[in-house]
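Source file: run-v1.cif (mmCIF, N, CA, C and O atoms)
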```cif
data_data
loop_
_atom_site.label_atom_id
_atom_site.label_comp_id
_atom_site.auth_asym_id
_atom_site.auth_seq_id
_atom_site.Cartn_x
_atom_site.Cartn_y
_atom_site.Cartn_z
N MET A 9 6.76 -10.34 -2.85
CA MET A 9 7.37 -9.10 -3.28
C MET A 9 7.47 -8.18 -2.06
O MET A 9 6.50 -7.94 -1.37
N LYS A 10 8.64 -7.66 -1.83
CA LYS A 10 8.83 -6.73 -0.73
C LYS A 10 8.24 -5.37 -1.11
O LYS A 10 8.18 -5.02 -2.27
N ASN A 11 7.84 -4.61 -0.08
CA ASN A 11 7.27 -3.30 -0.36
C ASN A 11 7.41 -2.39 0.86
O ASN A 11 7.75 -2.85 1.95
N ARG A 12 7.14 -1.12 0.63
CA ARG A 12 7.24 -0.08 1.67
C ARG A 12 5.87 0.45 2.07
O ARG A 12 5.79 1.53 2.65
N VAL A 13 4.81 -0.27 1.79
CA VAL A 13 3.47 0.24 2.03
C VAL A 13 3.27 0.57 3.51
O VAL A 13 2.78 1.65 3.85
N ARG A 14 3.64 -0.33 4.41
CA ARG A 14 3.46 -0.08 5.85
C ARG A 14 4.23 1.18 6.27
O ARG A 14 3.69 2.04 6.95
N GLU A 15 5.47 1.26 5.86
CA GLU A 15 6.31 2.42 6.20
C GLU A 15 5.67 3.72 5.71
O GLU A 15 5.58 4.71 6.45
N LEU A 16 5.20 3.73 4.48
CA LEU A 16 4.59 4.93 3.91
C LEU A 16 3.27 5.27 4.59
O LEU A 16 2.98 6.44 4.88
N ARG A 17 2.48 4.25 4.87
CA ARG A 17 1.19 4.45 5.54
C ARG A 17 1.40 5.00 6.95
O ARG A 17 0.79 5.99 7.34
N GLU A 18 2.26 4.36 7.71
CA GLU A 18 2.51 4.79 9.09
C GLU A 18 3.13 6.19 9.13
O GLU A 18 2.87 6.96 10.06
N GLY A 19 3.95 6.51 8.15
CA GLY A 19 4.55 7.83 8.07
C GLY A 19 3.54 8.95 7.93
O GLY A 19 3.79 10.10 8.29
N ARG A 20 2.37 8.62 7.43
CA ARG A 20 1.29 9.60 7.29
C ARG A 20 0.26 9.49 8.41
O ARG A 20 -0.72 10.22 8.43
N GLY A 21 0.49 8.55 9.33
CA GLY A 21 -0.43 8.39 10.45
C GLY A 21 -1.76 7.76 10.08
O GLY A 21 -2.75 7.93 10.79
N TRP A 22 -1.78 7.00 8.98
CA TRP A 22 -3.01 6.38 8.51
C TRP A 22 -3.13 4.97 9.06
O TRP A 22 -2.14 4.26 9.21
N THR A 23 -4.35 4.54 9.32
CA THR A 23 -4.61 3.15 9.67
C THR A 23 -4.72 2.34 8.38
O THR A 23 -4.87 2.90 7.29
N GLN A 24 -4.68 1.03 8.54
CA GLN A 24 -4.89 0.16 7.37
C GLN A 24 -6.28 0.40 6.79
O GLN A 24 -6.45 0.42 5.57
N ALA A 25 -7.25 0.61 7.66
CA ALA A 25 -8.62 0.85 7.19
C ALA A 25 -8.70 2.15 6.40
O ALA A 25 -9.37 2.22 5.36
N HIS A 26 -8.02 3.19 6.87
CA HIS A 26 -8.05 4.47 6.16
C HIS A 26 -7.42 4.32 4.77
O HIS A 26 -7.98 4.81 3.78
N LEU A 27 -6.28 3.65 4.71
CA LEU A 27 -5.63 3.45 3.41
C LEU A 27 -6.52 2.61 2.50
O LEU A 27 -6.68 2.93 1.32
N GLY A 28 -7.13 1.57 3.05
CA GLY A 28 -8.04 0.75 2.26
C GLY A 28 -9.19 1.56 1.70
O GLY A 28 -9.55 1.41 0.53
N ASP A 29 -9.75 2.43 2.52
CA ASP A 29 -10.85 3.29 2.06
C ASP A 29 -10.39 4.18 0.91
O ASP A 29 -11.11 4.37 -0.07
N ARG A 30 -9.20 4.74 1.02
CA ARG A 30 -8.69 5.63 -0.03
C ARG A 30 -8.43 4.89 -1.34
O ARG A 30 -8.45 5.49 -2.41
N LEU A 31 -8.15 3.58 -1.23
CA LEU A 31 -7.84 2.78 -2.41
C LEU A 31 -9.01 1.89 -2.86
O LEU A 31 -8.88 1.13 -3.81
N ASP A 32 -10.12 1.98 -2.16
CA ASP A 32 -11.30 1.15 -2.45
C ASP A 32 -11.02 -0.34 -2.33
O ASP A 32 -11.46 -1.14 -3.16
N VAL A 33 -10.25 -0.71 -1.30
CA VAL A 33 -10.02 -2.12 -0.97
C VAL A 33 -10.23 -2.28 0.53
O VAL A 33 -10.33 -1.30 1.27
N SER A 34 -10.27 -3.51 0.99
CA SER A 34 -10.50 -3.76 2.41
C SER A 34 -9.23 -3.57 3.24
O SER A 34 -8.11 -3.61 2.71
N ARG A 35 -9.43 -3.44 4.54
CA ARG A 35 -8.30 -3.37 5.47
C ARG A 35 -7.50 -4.67 5.38
O ARG A 35 -6.28 -4.67 5.45
N GLN A 36 -8.20 -5.79 5.18
CA GLN A 36 -7.53 -7.08 5.08
C GLN A 36 -6.60 -7.13 3.87
O GLN A 36 -5.53 -7.75 3.93
N THR A 37 -7.01 -6.50 2.77
CA THR A 37 -6.15 -6.45 1.58
C THR A 37 -4.88 -5.67 1.88
O THR A 37 -3.78 -6.09 1.51
N ILE A 38 -5.02 -4.54 2.57
CA ILE A 38 -3.84 -3.74 2.93
C ILE A 38 -2.93 -4.56 3.84
O ILE A 38 -1.71 -4.58 3.64
N ASN A 39 -3.51 -5.26 4.81
CA ASN A 39 -2.71 -6.10 5.70
C ASN A 39 -1.96 -7.17 4.91
O ASN A 39 -0.77 -7.40 5.15
N ALA A 40 -2.63 -7.81 3.98
CA ALA A 40 -2.01 -8.86 3.18
C ALA A 40 -0.87 -8.31 2.31
O ALA A 40 0.17 -8.96 2.16
N ILE A 41 -1.05 -7.11 1.77
CA ILE A 41 0.03 -6.48 0.98
C ILE A 41 1.21 -6.18 1.89
O ILE A 41 2.36 -6.49 1.56
N GLU A 42 0.95 -5.58 3.04
CA GLU A 42 2.02 -5.19 3.96
C GLU A 42 2.80 -6.40 4.49
O GLU A 42 4.01 -6.29 4.72
N THR A 43 2.12 -7.51 4.68
CA THR A 43 2.79 -8.71 5.20
C THR A 43 3.28 -9.63 4.08
O THR A 43 3.71 -10.75 4.35
N GLU A 44 3.21 -9.13 2.86
CA GLU A 44 3.74 -9.81 1.67
C GLU A 44 3.06 -11.15 1.40
O GLU A 44 3.65 -12.06 0.84
N ARG A 45 1.78 -11.27 1.78
CA ARG A 45 1.00 -12.47 1.48
C ARG A 45 0.18 -12.28 0.21
O ARG A 45 -0.46 -13.22 -0.25
N TYR A 46 0.17 -11.06 -0.32
CA TYR A 46 -0.64 -10.75 -1.50
C TYR A 46 0.10 -9.72 -2.33
O TYR A 46 0.58 -8.72 -1.80
N GLU A 47 0.21 -9.99 -3.61
CA GLU A 47 0.80 -9.03 -4.54
C GLU A 47 -0.33 -8.30 -5.24
O GLU A 47 -1.17 -8.93 -5.88
N PRO A 48 -0.37 -6.98 -5.12
CA PRO A 48 -1.47 -6.23 -5.74
C PRO A 48 -1.41 -6.31 -7.26
O PRO A 48 -0.35 -6.49 -7.85
N SER A 49 -2.58 -6.15 -7.86
CA SER A 49 -2.64 -6.07 -9.32
C SER A 49 -1.88 -4.82 -9.77
O SER A 49 -1.61 -3.92 -8.96
N LEU A 50 -1.56 -4.76 -11.04
CA LEU A 50 -0.88 -3.58 -11.57
C LEU A 50 -1.72 -2.34 -11.34
O LEU A 50 -1.21 -1.29 -10.95
N GLY A 51 -3.02 -2.45 -11.53
CA GLY A 51 -3.91 -1.31 -11.32
C GLY A 51 -3.87 -0.80 -9.90
O GLY A 51 -3.79 0.41 -9.65
N LEU A 52 -3.91 -1.72 -8.93
CA LEU A 52 -3.85 -1.33 -7.53
C LEU A 52 -2.48 -0.77 -7.18
O LEU A 52 -2.37 0.23 -6.46
N ALA A 53 -1.43 -1.37 -7.71
CA ALA A 53 -0.07 -0.87 -7.46
C ALA A 53 0.07 0.57 -7.99
O ALA A 53 0.68 1.42 -7.34
N LEU A 54 -0.52 0.83 -9.15
CA LEU A 54 -0.48 2.19 -9.70
C LEU A 54 -1.25 3.18 -8.82
O LEU A 54 -0.81 4.31 -8.61
N LYS A 55 -2.40 2.74 -8.28
CA LYS A 55 -3.17 3.61 -7.38
C LYS A 55 -2.38 3.91 -6.12
O LYS A 55 -2.39 5.05 -5.63
N ILE A 56 -1.69 2.91 -5.58
CA ILE A 56 -0.86 3.10 -4.38
C ILE A 56 0.25 4.10 -4.69
O ILE A 56 0.50 5.03 -3.92
N ALA A 57 0.94 3.90 -5.80
CA ALA A 57 2.03 4.79 -6.19
C ALA A 57 1.54 6.22 -6.37
O ALA A 57 2.17 7.17 -5.91
N LYS A 58 0.39 6.39 -7.02
CA LYS A 58 -0.16 7.72 -7.24
C LYS A 58 -0.53 8.38 -5.91
O LYS A 58 -0.25 9.56 -5.70
N LEU A 59 -1.14 7.62 -5.02
CA LEU A 59 -1.54 8.15 -3.72
C LEU A 59 -0.32 8.67 -2.94
O LEU A 59 -0.37 9.74 -2.33
N PHE A 60 0.77 7.91 -2.97
CA PHE A 60 1.97 8.30 -2.24
C PHE A 60 2.92 9.19 -3.06
O PHE A 60 3.98 9.58 -2.59
N LYS A 61 2.52 9.47 -4.29
CA LYS A 61 3.31 10.31 -5.20
C LYS A 61 4.74 9.79 -5.37
O LYS A 61 5.72 10.53 -5.29
N LEU A 62 4.81 8.48 -5.63
CA LEU A 62 6.08 7.81 -5.86
C LEU A 62 5.94 6.88 -7.06
O LEU A 62 4.82 6.53 -7.45
N GLY A 63 7.06 6.48 -7.62
CA GLY A 63 7.03 5.48 -8.68
C GLY A 63 6.80 4.10 -8.08
O GLY A 63 7.15 3.85 -6.93
N ILE A 64 6.22 3.20 -8.87
CA ILE A 64 5.97 1.84 -8.39
C ILE A 64 7.25 1.20 -7.88
O ILE A 64 7.26 0.54 -6.84
N GLU A 65 8.35 1.41 -8.60
CA GLU A 65 9.62 0.79 -8.21
C GLU A 65 10.17 1.34 -6.91
O GLU A 65 11.04 0.72 -6.29
N GLU A 66 9.68 2.48 -6.46
CA GLU A 66 10.09 3.04 -5.17
C GLU A 66 9.30 2.42 -4.01
O GLU A 66 9.68 2.56 -2.85
N ILE A 67 8.22 1.74 -4.32
CA ILE A 67 7.36 1.13 -3.30
C ILE A 67 7.52 -0.39 -3.31
O ILE A 67 7.63 -1.01 -2.26
N PHE A 68 7.50 -0.98 -4.48
CA PHE A 68 7.58 -2.43 -4.62
C PHE A 68 8.92 -2.84 -5.21
O PHE A 68 9.36 -2.27 -6.20
N PHE A 69 9.56 -3.83 -4.61
CA PHE A 69 10.87 -4.27 -5.10
C PHE A 69 11.09 -5.74 -4.81
O PHE A 69 10.32 -6.37 -4.13
#
```
File written out as structure tokens:
Amino acid sequence: MKNRVRELREGRGWTQAHLGDRLDVSRQTINAIETERYEPSLGLALKIAKLFKLGIEEIFF
């Protein structure tokens, strides 16, 4: 699944570790999501959307 997580994270000047800390997941999980090797659960996708104040469909497509 394609996503805009890297773009949104970098736009805020956050590291993968910082984003992982904010979402209670590891830096490796963020890396896997950004490189499209891992599709987040619905719960995690909702947390990402809430953090960036966007709808899920605006991040994941």
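For the structure shown here, the set of residues caught by the PyMOL selection byres (((chain A and resi 31 and name CA) around 12) and name CA) is Gln24, Ala25, His26, Leu27, Gly28, Asp29, Arg30, Asp32, Val33, Ser34, Arg35, Thr37, Ile38, Pro48, Gly51, Leu52, Ala53, Leu54, Lys55, Ile56, Ala57, Lys58, Leu59 and Phe60 of chain A.
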Hits of the PyMOL selection byres ((chain A and resi 69) around 6) in this structure, as a list in words = Met9, Lys10, Asn11, Ile64, Glu65, Ile67 and Phe68 of chain A
So what do you get for atom C of A:Ile41 versus atom CA of A:Leu16, distance-wise?
-> 11.8 Å
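With atom C of A:Arg17 on one side and atom N of A:Glu42 on the other, the separation reads 11.3 Å.
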Atom CA of A:Gly63 to atom CA of A:Arg14: how many Å, to one decimal?
-> 16.0 Å
Apply DSSP to the backbone of this structure and, from chain A, keep only the residues in helix (DSSP H, G or I); write these as a PyMOL selection string.
-> chain A and resi 13-19+24-31+35-42+50-60+64-67
Filled-in all heavy atoms of stretch 14-25 of chain A, supplied as a tab-separated table (two decimals), in the frame of the given file:
```tsv
chain	number	residue	atom	x	y	z
A	14	ARG	N	3.64	-0.33	4.41
A	14	ARG	CA	3.46	-0.08	5.85
A	14	ARG	C	4.23	1.18	6.27
A	14	ARG	O	3.69	2.04	6.95
A	14	ARG	CB	3.92	-1.27	6.67
A	14	ARG	CG	3.84	-0.96	8.19
A	14	ARG	CD	4.16	-2.15	9.02
A	14	ARG	NE	2.96	-2.99	9.03
A	14	ARG	CZ	2.95	-4.30	9.20
A	14	ARG	NH1	4.06	-4.95	9.39
A	14	ARG	NH2	1.83	-4.97	9.17
A	15	GLU	N	5.47	1.26	5.86
A	15	GLU	CA	6.31	2.42	6.20
A	15	GLU	C	5.67	3.72	5.71
A	15	GLU	O	5.58	4.71	6.45
A	15	GLU	CB	7.69	2.24	5.56
A	15	GLU	CG	8.58	3.44	5.57
A	15	GLU	CD	9.77	3.28	4.64
A	15	GLU	OE1	10.13	2.13	4.28
A	15	GLU	OE2	10.35	4.31	4.27
A	16	LEU	N	5.20	3.73	4.48
A	16	LEU	CA	4.59	4.93	3.91
A	16	LEU	C	3.27	5.27	4.59
A	16	LEU	O	2.98	6.44	4.88
A	16	LEU	CB	4.38	4.75	2.40
A	16	LEU	CG	5.67	4.62	1.59
A	16	LEU	CD1	5.36	4.12	0.18
A	16	LEU	CD2	6.43	5.93	1.56
A	17	ARG	N	2.48	4.25	4.87
A	17	ARG	CA	1.19	4.45	5.54
A	17	ARG	C	1.40	5.00	6.95
A	17	ARG	O	0.79	5.99	7.34
A	17	ARG	CB	0.42	3.12	5.60
A	17	ARG	CG	-0.88	3.20	6.39
A	17	ARG	CD	-1.56	1.86	6.50
A	17	ARG	NE	-0.79	0.82	7.15
A	17	ARG	CZ	-0.61	0.73	8.48
A	17	ARG	NH1	-1.13	1.63	9.29
A	17	ARG	NH2	0.10	-0.27	8.99
A	18	GLU	N	2.26	4.36	7.71
A	18	GLU	CA	2.51	4.79	9.09
A	18	GLU	C	3.13	6.19	9.13
A	18	GLU	O	2.87	6.96	10.06
A	18	GLU	CB	3.40	3.79	9.81
A	18	GLU	CG	2.67	2.49	10.12
A	18	GLU	CD	3.55	1.44	10.79
A	18	GLU	OE1	4.79	1.60	10.81
A	18	GLU	OE2	2.99	0.46	11.30
A	19	GLY	N	3.95	6.51	8.15
A	19	GLY	CA	4.55	7.83	8.07
A	19	GLY	C	3.54	8.95	7.93
A	19	GLY	O	3.79	10.10	8.29
A	20	ARG	N	2.37	8.62	7.43
A	20	ARG	CA	1.29	9.60	7.29
A	20	ARG	C	0.26	9.49	8.41
A	20	ARG	O	-0.72	10.22	8.43
A	20	ARG	CB	0.62	9.42	5.93
A	20	ARG	CG	1.50	9.97	4.82
A	20	ARG	CD	1.08	9.44	3.47
A	20	ARG	NE	1.89	10.00	2.40
A	20	ARG	CZ	3.13	9.67	2.11
A	20	ARG	NH1	3.76	8.76	2.84
A	20	ARG	NH2	3.78	10.22	1.11
A	21	GLY	N	0.49	8.55	9.33
A	21	GLY	CA	-0.43	8.39	10.45
A	21	GLY	C	-1.76	7.76	10.08
A	21	GLY	O	-2.75	7.93	10.79
A	22	TRP	N	-1.78	7.00	8.98
A	22	TRP	CA	-3.01	6.38	8.51
A	22	TRP	C	-3.13	4.97	9.06
A	22	TRP	O	-2.14	4.26	9.21
A	22	TRP	CB	-3.04	6.29	6.99
A	22	TRP	CG	-3.05	7.60	6.28
A	22	TRP	CD1	-3.33	8.83	6.80
A	22	TRP	CD2	-2.77	7.82	4.89
A	22	TRP	NE1	-3.25	9.80	5.82
A	22	TRP	CE2	-2.91	9.21	4.64
A	22	TRP	CE3	-2.42	6.98	3.84
A	22	TRP	CZ2	-2.71	9.76	3.38
A	22	TRP	CZ3	-2.22	7.54	2.59
A	22	TRP	CH2	-2.37	8.91	2.37
A	23	THR	N	-4.35	4.54	9.32
A	23	THR	CA	-4.61	3.15	9.67
A	23	THR	C	-4.72	2.34	8.38
A	23	THR	O	-4.87	2.90	7.29
A	23	THR	CB	-5.93	3.01	10.45
A	23	THR	OG1	-7.01	3.41	9.58
A	23	THR	CG2	-5.93	3.85	11.72
A	24	GLN	N	-4.68	1.03	8.54
A	24	GLN	CA	-4.89	0.16	7.37
A	24	GLN	C	-6.28	0.40	6.79
A	24	GLN	O	-6.45	0.42	5.57
A	24	GLN	CB	-4.72	-1.31	7.75
A	24	GLN	CG	-3.29	-1.69	8.03
A	24	GLN	CD	-3.15	-3.15	8.43
A	24	GLN	OE1	-4.10	-3.79	8.83
A	24	GLN	NE2	-1.93	-3.66	8.33
A	25	ALA	N	-7.25	0.61	7.66
A	25	ALA	CA	-8.62	0.85	7.19
A	25	ALA	C	-8.70	2.15	6.40
A	25	ALA	O	-9.37	2.22	5.36
A	25	ALA	CB	-9.59	0.89	8.37
```
